[in-house]
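Peer 1: Sending over a structure as structure tokens; questions will come in a sec.
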Amino acid sequence: MTQRTALITGVTGQDGSYLAELLLAKGYQVIGMVRRSSTVNFTRIEHIQDDITIVSGDLLDQGSLMALLREYRPTEVYNLAAQSFVPTSWQQPVFTGEVTALGVTRMLEAIRAVDPAIRFYQASSSEMFGKVQEVPQTESTPFYPRSPYGVAKVYGHWITVNYRESFNLFACSGILFNHESPRRGMEFVTRKVTHAVAKIKLGMADHVSLGNLDSQRDWGFAGDYVRAMWLMLQQETPEDYVVGTGETHAVQELCEVAFGHAGLDWRAYVRQDPRFMRPAEVDLLISDPSKAKVKLGWVPEVSFKQLIEMMVDADIALLQHQHR
């Protein structure tokens, strides 16, 4: 059997790093696309960097995408690259649209031109549901995005459906709910909290400032979620799937678990700050992942409590290593 080749855009991100690990373990040749930039951060993939072929390409430049597809002939493309931090999308709405929305079209067009047999995965997002029209959310729940990021993701989602139906491409979208890990960026609330807990535990800080403590999310482990991505591209027919835990947890509970794991009382260290409130807050995002369970055989393996405790432990170890 010939070795399968996968192209991952956004390989240096949280999801890209876990997906690359998974595919390498399955014997794939992994091509990781990164933008030409003076600030590319390879920290998340440095332990597997020698096993991946790192290539330069950009979702803003269709020519670069076509050149990569021609050179490496991937059988699968996972489009994980995006301007993916929601608050930033309010400050950079046009750029967010160019990358997160039109970037998907450029990749689909490149696939259509170079090799329509390539299987394509699009990273859709629960932020597309925004002001939710029903609880929990399924594959058929109407979208009502509440940020430029969510709007761009809706475009990326529907253009994927459109190319599947118009050109018979094997193109899937995974509507992923919040997924976290020790590799999550510091700007996301889970990592912000676990890193603050580590700093407070080690005497490097005395508080953390957060926004809405009542905000609830369906949080899972990124390492579980990349398995679902791979499974989608192994099916006989391309379909879209909601991927989540089906549970919801408030930011306050996140604080309780994280501080509690370090033997601290969160109430002594958490301050609310109006600067961290969103212009338009999303309502109750909670997944109904039953289709993924039935059709893909996918279920999450790491619980919310295990996830947060794993992140606290990793951040304590990270800070101890940095300050040795």
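The chains in the structure tokens are called A, B, ... from first to last as shown; in each chain the residues are counted from 1, and the ligands are counted from 1 in the order shown.
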Enumerate, as a PyMOL selection string, the complete set of residues in stretch 52-202 of chain A that a backbone-based DSSP assignment places in strand (DSSP E or B).
Peer 2: chain A and resi 53-56+76-79+119-125+137+170-176+179-180
Peer 1: Quick one: pick out all helix (DSSP H, G or I) residues within stretch 57-179 of chain A from a backbone DSSP run and write them as a PDB file with C-alpha atoms, in the first residue's frame.
Peer 2:
```pdb
ATOM      1  CA  GLN A  62      -4.177  30.761  -4.464  1.00  0.00           C
ATOM      2  CA  GLY A  63      -1.103  30.259  -6.637  1.00  0.00           C
ATOM      3  CA  SER A  64       0.907  29.083  -3.640  1.00  0.00           C
ATOM      4  CA  LEU A  65      -1.824  26.551  -2.763  1.00  0.00           C
ATOM      5  CA  MET A  66      -1.940  25.129  -6.288  1.00  0.00           C
ATOM      6  CA  ALA A  67       1.844  24.832  -6.368  1.00  0.00           C
ATOM      7  CA  LEU A  68       1.835  22.861  -3.090  1.00  0.00           C
ATOM      8  CA  LEU A  69      -0.883  20.486  -4.301  1.00  0.00           C
ATOM      9  CA  ARG A  70       0.994  19.854  -7.547  1.00  0.00           C
ATOM     10  CA  GLU A  71       4.317  19.252  -5.823  1.00  0.00           C
ATOM     11  CA  TYR A  72       3.232  17.017  -2.938  1.00  0.00           C
ATOM     12  CA  VAL A  86     -12.787  35.869  18.280  1.00  0.00           C
ATOM     13  CA  PRO A  87     -11.958  39.245  19.950  1.00  0.00           C
ATOM     14  CA  THR A  88      -9.286  39.948  17.305  1.00  0.00           C
ATOM     15  CA  SER A  89     -11.924  39.518  14.603  1.00  0.00           C
ATOM     16  CA  TRP A  90     -13.600  42.716  15.849  1.00  0.00           C
ATOM     17  CA  GLN A  91     -10.339  44.622  15.358  1.00  0.00           C
ATOM     18  CA  PRO A  93     -12.750  42.042  10.392  1.00  0.00           C
ATOM     19  CA  VAL A  94     -11.573  42.374   6.774  1.00  0.00           C
ATOM     20  CA  PHE A  95      -8.429  40.293   7.328  1.00  0.00           C
ATOM     21  CA  THR A  96     -10.520  37.712   9.214  1.00  0.00           C
ATOM     22  CA  GLY A  97     -12.840  37.471   6.197  1.00  0.00           C
ATOM     23  CA  GLU A  98      -9.946  37.186   3.731  1.00  0.00           C
ATOM     24  CA  VAL A  99      -8.306  34.291   5.607  1.00  0.00           C
ATOM     25  CA  THR A 100     -11.114  32.517   7.435  1.00  0.00           C
ATOM     26  CA  ALA A 101     -13.769  32.836   4.686  1.00  0.00           C
ATOM     27  CA  LEU A 102     -12.209  33.418   1.255  1.00  0.00           C
ATOM     28  CA  GLY A 103      -9.170  31.325   2.155  1.00  0.00           C
ATOM     29  CA  VAL A 104     -11.438  28.269   2.111  1.00  0.00           C
ATOM     30  CA  THR A 105     -12.606  29.095  -1.417  1.00  0.00           C
ATOM     31  CA  ARG A 106      -9.027  29.489  -2.608  1.00  0.00           C
ATOM     32  CA  MET A 107      -8.108  26.048  -1.262  1.00  0.00           C
ATOM     33  CA  LEU A 108     -11.229  24.415  -2.732  1.00  0.00           C
ATOM     34  CA  GLU A 109     -10.546  26.040  -6.107  1.00  0.00           C
ATOM     35  CA  ALA A 110      -6.949  24.800  -5.964  1.00  0.00           C
ATOM     36  CA  ILE A 111      -8.149  21.245  -5.241  1.00  0.00           C
ATOM     37  CA  ARG A 112     -10.701  21.430  -8.067  1.00  0.00           C
ATOM     38  CA  ALA A 113      -8.022  22.592 -10.503  1.00  0.00           C
ATOM     39  CA  VAL A 114      -5.186  20.275  -9.473  1.00  0.00           C
ATOM     40  CA  SER A 126     -19.568  26.307  17.086  1.00  0.00           C
ATOM     41  CA  GLU A 127     -19.209  30.115  16.945  1.00  0.00           C
ATOM     42  CA  MET A 128     -21.331  29.852  13.788  1.00  0.00           C
ATOM     43  CA  PRO A 148     -16.826  38.655  12.369  1.00  0.00           C
ATOM     44  CA  TYR A 149     -15.023  35.356  13.045  1.00  0.00           C
ATOM     45  CA  GLY A 150     -18.326  33.473  13.302  1.00  0.00           C
ATOM     46  CA  VAL A 151     -19.604  35.132  10.112  1.00  0.00           C
ATOM     47  CA  ALA A 152     -16.413  34.182   8.241  1.00  0.00           C
ATOM     48  CA  LYS A 153     -16.679  30.599   9.472  1.00  0.00           C
ATOM     49  CA  VAL A 154     -20.293  30.401   8.202  1.00  0.00           C
ATOM     50  CA  TYR A 155     -19.060  31.419   4.743  1.00  0.00           C
ATOM     51  CA  GLY A 156     -16.268  28.820   4.893  1.00  0.00           C
ATOM     52  CA  HIS A 157     -18.790  26.184   5.949  1.00  0.00           C
ATOM     53  CA  TRP A 158     -21.317  26.898   3.193  1.00  0.00           C
ATOM     54  CA  ILE A 159     -18.717  27.227   0.435  1.00  0.00           C
ATOM     55  CA  THR A 160     -17.491  23.744   1.440  1.00  0.00           C
ATOM     56  CA  VAL A 161     -21.045  22.392   1.142  1.00  0.00           C
ATOM     57  CA  ASN A 162     -21.412  24.239  -2.170  1.00  0.00           C
ATOM     58  CA  TYR A 163     -18.280  22.724  -3.706  1.00  0.00           C
ATOM     59  CA  ARG A 164     -19.294  19.270  -2.493  1.00  0.00           C
ATOM     60  CA  GLU A 165     -22.711  19.576  -4.138  1.00  0.00           C
ATOM     61  CA  SER A 166     -21.635  21.516  -7.249  1.00  0.00           C
ATOM     62  CA  PHE A 167     -18.407  19.697  -8.167  1.00  0.00           C
TER      63      PHE A 167
END
```
Peer 1: Could you jot down the atom CA of A:Gln272 to atom CA of A:Trp219 separation for me, Å, one decimal place?
Peer 2: 21.1 Å
Peer 1: Could the residues of stretch 109-191 of chain A that have an atom at most 7 Å from stretch 240-261 of chain A be listed as CSV, each with its closest atom pair and the distance in Å to one decimal, counting only C-alpha atoms and ordered by chain and ascending residue number?
Peer 2:
```
residue,atom,partner,partner_atom,distance
A:Thr138,CA,A:Val242,CA,6.2
A:Glu139,CA,A:Val242,CA,5.9
A:Cys172,CA,A:Asp240,CA,5.3
A:Ser173,CA,A:Asp240,CA,4.8
A:Gly174,CA,A:Tyr241,CA,5.0
A:Ile175,CA,A:Val242,CA,4.6
A:Leu176,CA,A:Val243,CA,4.8
A:Phe177,CA,A:Gly244,CA,5.2
```
Peer 1: Those same residues, written as a compact mmCIF listing (two decimals), in the first residue's frame with all heavy atoms?
Peer 2:
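And here's part.txt as it stands now:
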```
# COMPACT_ATOMS: atom_id res chain seq x y z
N THR A 138 -27.26 20.89 16.65
CA THR A 138 -26.96 19.75 15.79
C THR A 138 -26.49 20.25 14.42
O THR A 138 -26.35 21.47 14.21
CB THR A 138 -28.21 18.89 15.57
OG1 THR A 138 -29.14 19.63 14.74
CG2 THR A 138 -28.89 18.53 16.88
N GLU A 139 -26.28 19.32 13.51
CA GLU A 139 -25.85 19.67 12.15
C GLU A 139 -26.90 20.51 11.42
O GLU A 139 -26.56 21.23 10.47
CB GLU A 139 -25.57 18.39 11.35
CG GLU A 139 -24.34 17.61 11.81
CD GLU A 139 -24.56 16.76 13.05
OE1 GLU A 139 -25.72 16.63 13.51
OE2 GLU A 139 -23.56 16.24 13.58
N CYS A 172 -15.75 17.87 3.59
CA CYS A 172 -16.49 17.77 4.86
C CYS A 172 -16.20 18.98 5.73
O CYS A 172 -15.10 19.53 5.70
CB CYS A 172 -16.02 16.56 5.67
SG CYS A 172 -16.20 14.99 4.89
N SER A 173 -17.16 19.33 6.55
CA SER A 173 -16.93 20.30 7.62
C SER A 173 -17.15 19.64 8.97
O SER A 173 -18.15 18.95 9.17
CB SER A 173 -17.89 21.49 7.50
OG SER A 173 -17.47 22.38 6.49
N GLY A 174 -16.22 19.89 9.88
CA GLY A 174 -16.41 19.48 11.27
C GLY A 174 -16.77 20.71 12.07
O GLY A 174 -15.98 21.66 12.15
N ILE A 175 -17.99 20.72 12.62
CA ILE A 175 -18.41 21.86 13.44
C ILE A 175 -17.95 21.59 14.87
O ILE A 175 -18.64 20.95 15.66
CB ILE A 175 -19.94 22.05 13.37
CG1 ILE A 175 -20.39 22.16 11.90
CG2 ILE A 175 -20.35 23.31 14.14
CD1 ILE A 175 -21.91 22.18 11.72
N LEU A 176 -16.74 22.06 15.16
CA LEU A 176 -16.12 21.74 16.43
C LEU A 176 -16.49 22.76 17.50
O LEU A 176 -16.38 23.96 17.29
CB LEU A 176 -14.60 21.68 16.28
CG LEU A 176 -14.02 20.31 15.91
CD1 LEU A 176 -14.63 19.75 14.64
CD2 LEU A 176 -12.50 20.38 15.77
N PHE A 177 -16.89 22.23 18.64
CA PHE A 177 -17.11 23.08 19.81
C PHE A 177 -15.76 23.31 20.49
O PHE A 177 -14.74 22.75 20.07
CB PHE A 177 -18.14 22.42 20.73
CG PHE A 177 -19.56 22.64 20.26
CD1 PHE A 177 -20.00 22.08 19.07
CD2 PHE A 177 -20.43 23.45 20.99
CE1 PHE A 177 -21.29 22.32 18.61
CE2 PHE A 177 -21.71 23.69 20.53
CZ PHE A 177 -22.15 23.13 19.34
```
Peer 1: Of the candidates A:Leu213, A:Leu307, A:Ile118, A:Val55, which one gets nearest to A:Arg267 if we count only C-alpha atoms?
Peer 2: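 For A:Arg267, the nearest of the given residues is A:Leu213.
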Peer 1: As an exercise, work out the distance from atom CA of A:Leu296 to atom CA of A:Met232 in Å and give it to one decimal place.
Peer 2: 7.0 Å
Peer 1: Pick the closest to A:Asp15 from A:Ser147, A:Asn168, A:Gln3, A:Asn178: which is it, counting only C-alpha atoms?
Peer 2: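 Under the stated criterion, the closest residue is A:Asn178.
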Peer 1: Find the residues around stretch 196-200 of chain A up to 7 Å (only C-alpha atoms counted), leave out those fewer than 6 positions away in its own chain, and share them as an NGL selection string.
Peer 2: :A and (206 or 208 or 258-259 or 312 or 315-316)
Peer 1: Check the smallest atom-to-atom distance from each of A:Asp50, A:Val11, A:Ala171, A:Tyr269 to A:Glu236 using only C-alpha atoms, then report the winner.
Peer 2: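 Among the listed residues, the smallest separation from A:Glu236 belongs to A:Ala171.
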Peer 1: Report, in Å with one decimal, the straight-line distance from atom CA of A:Thr190 to atom CA of A:Gln49.
Peer 2: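 Going from atom CA of A:Thr190 over to atom CA of A:Gln49, I get 26.3 Å.
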Peer 1: Quick one: everything within 9 Å of A:Tyr18, counting only C-alpha atoms, minus sequence neighbours fewer than 2 positions away in the same chain. Send it as a ChimeraX atom specification.
Peer 2: /A:11,13-16,20-23,44-45,222-224,226
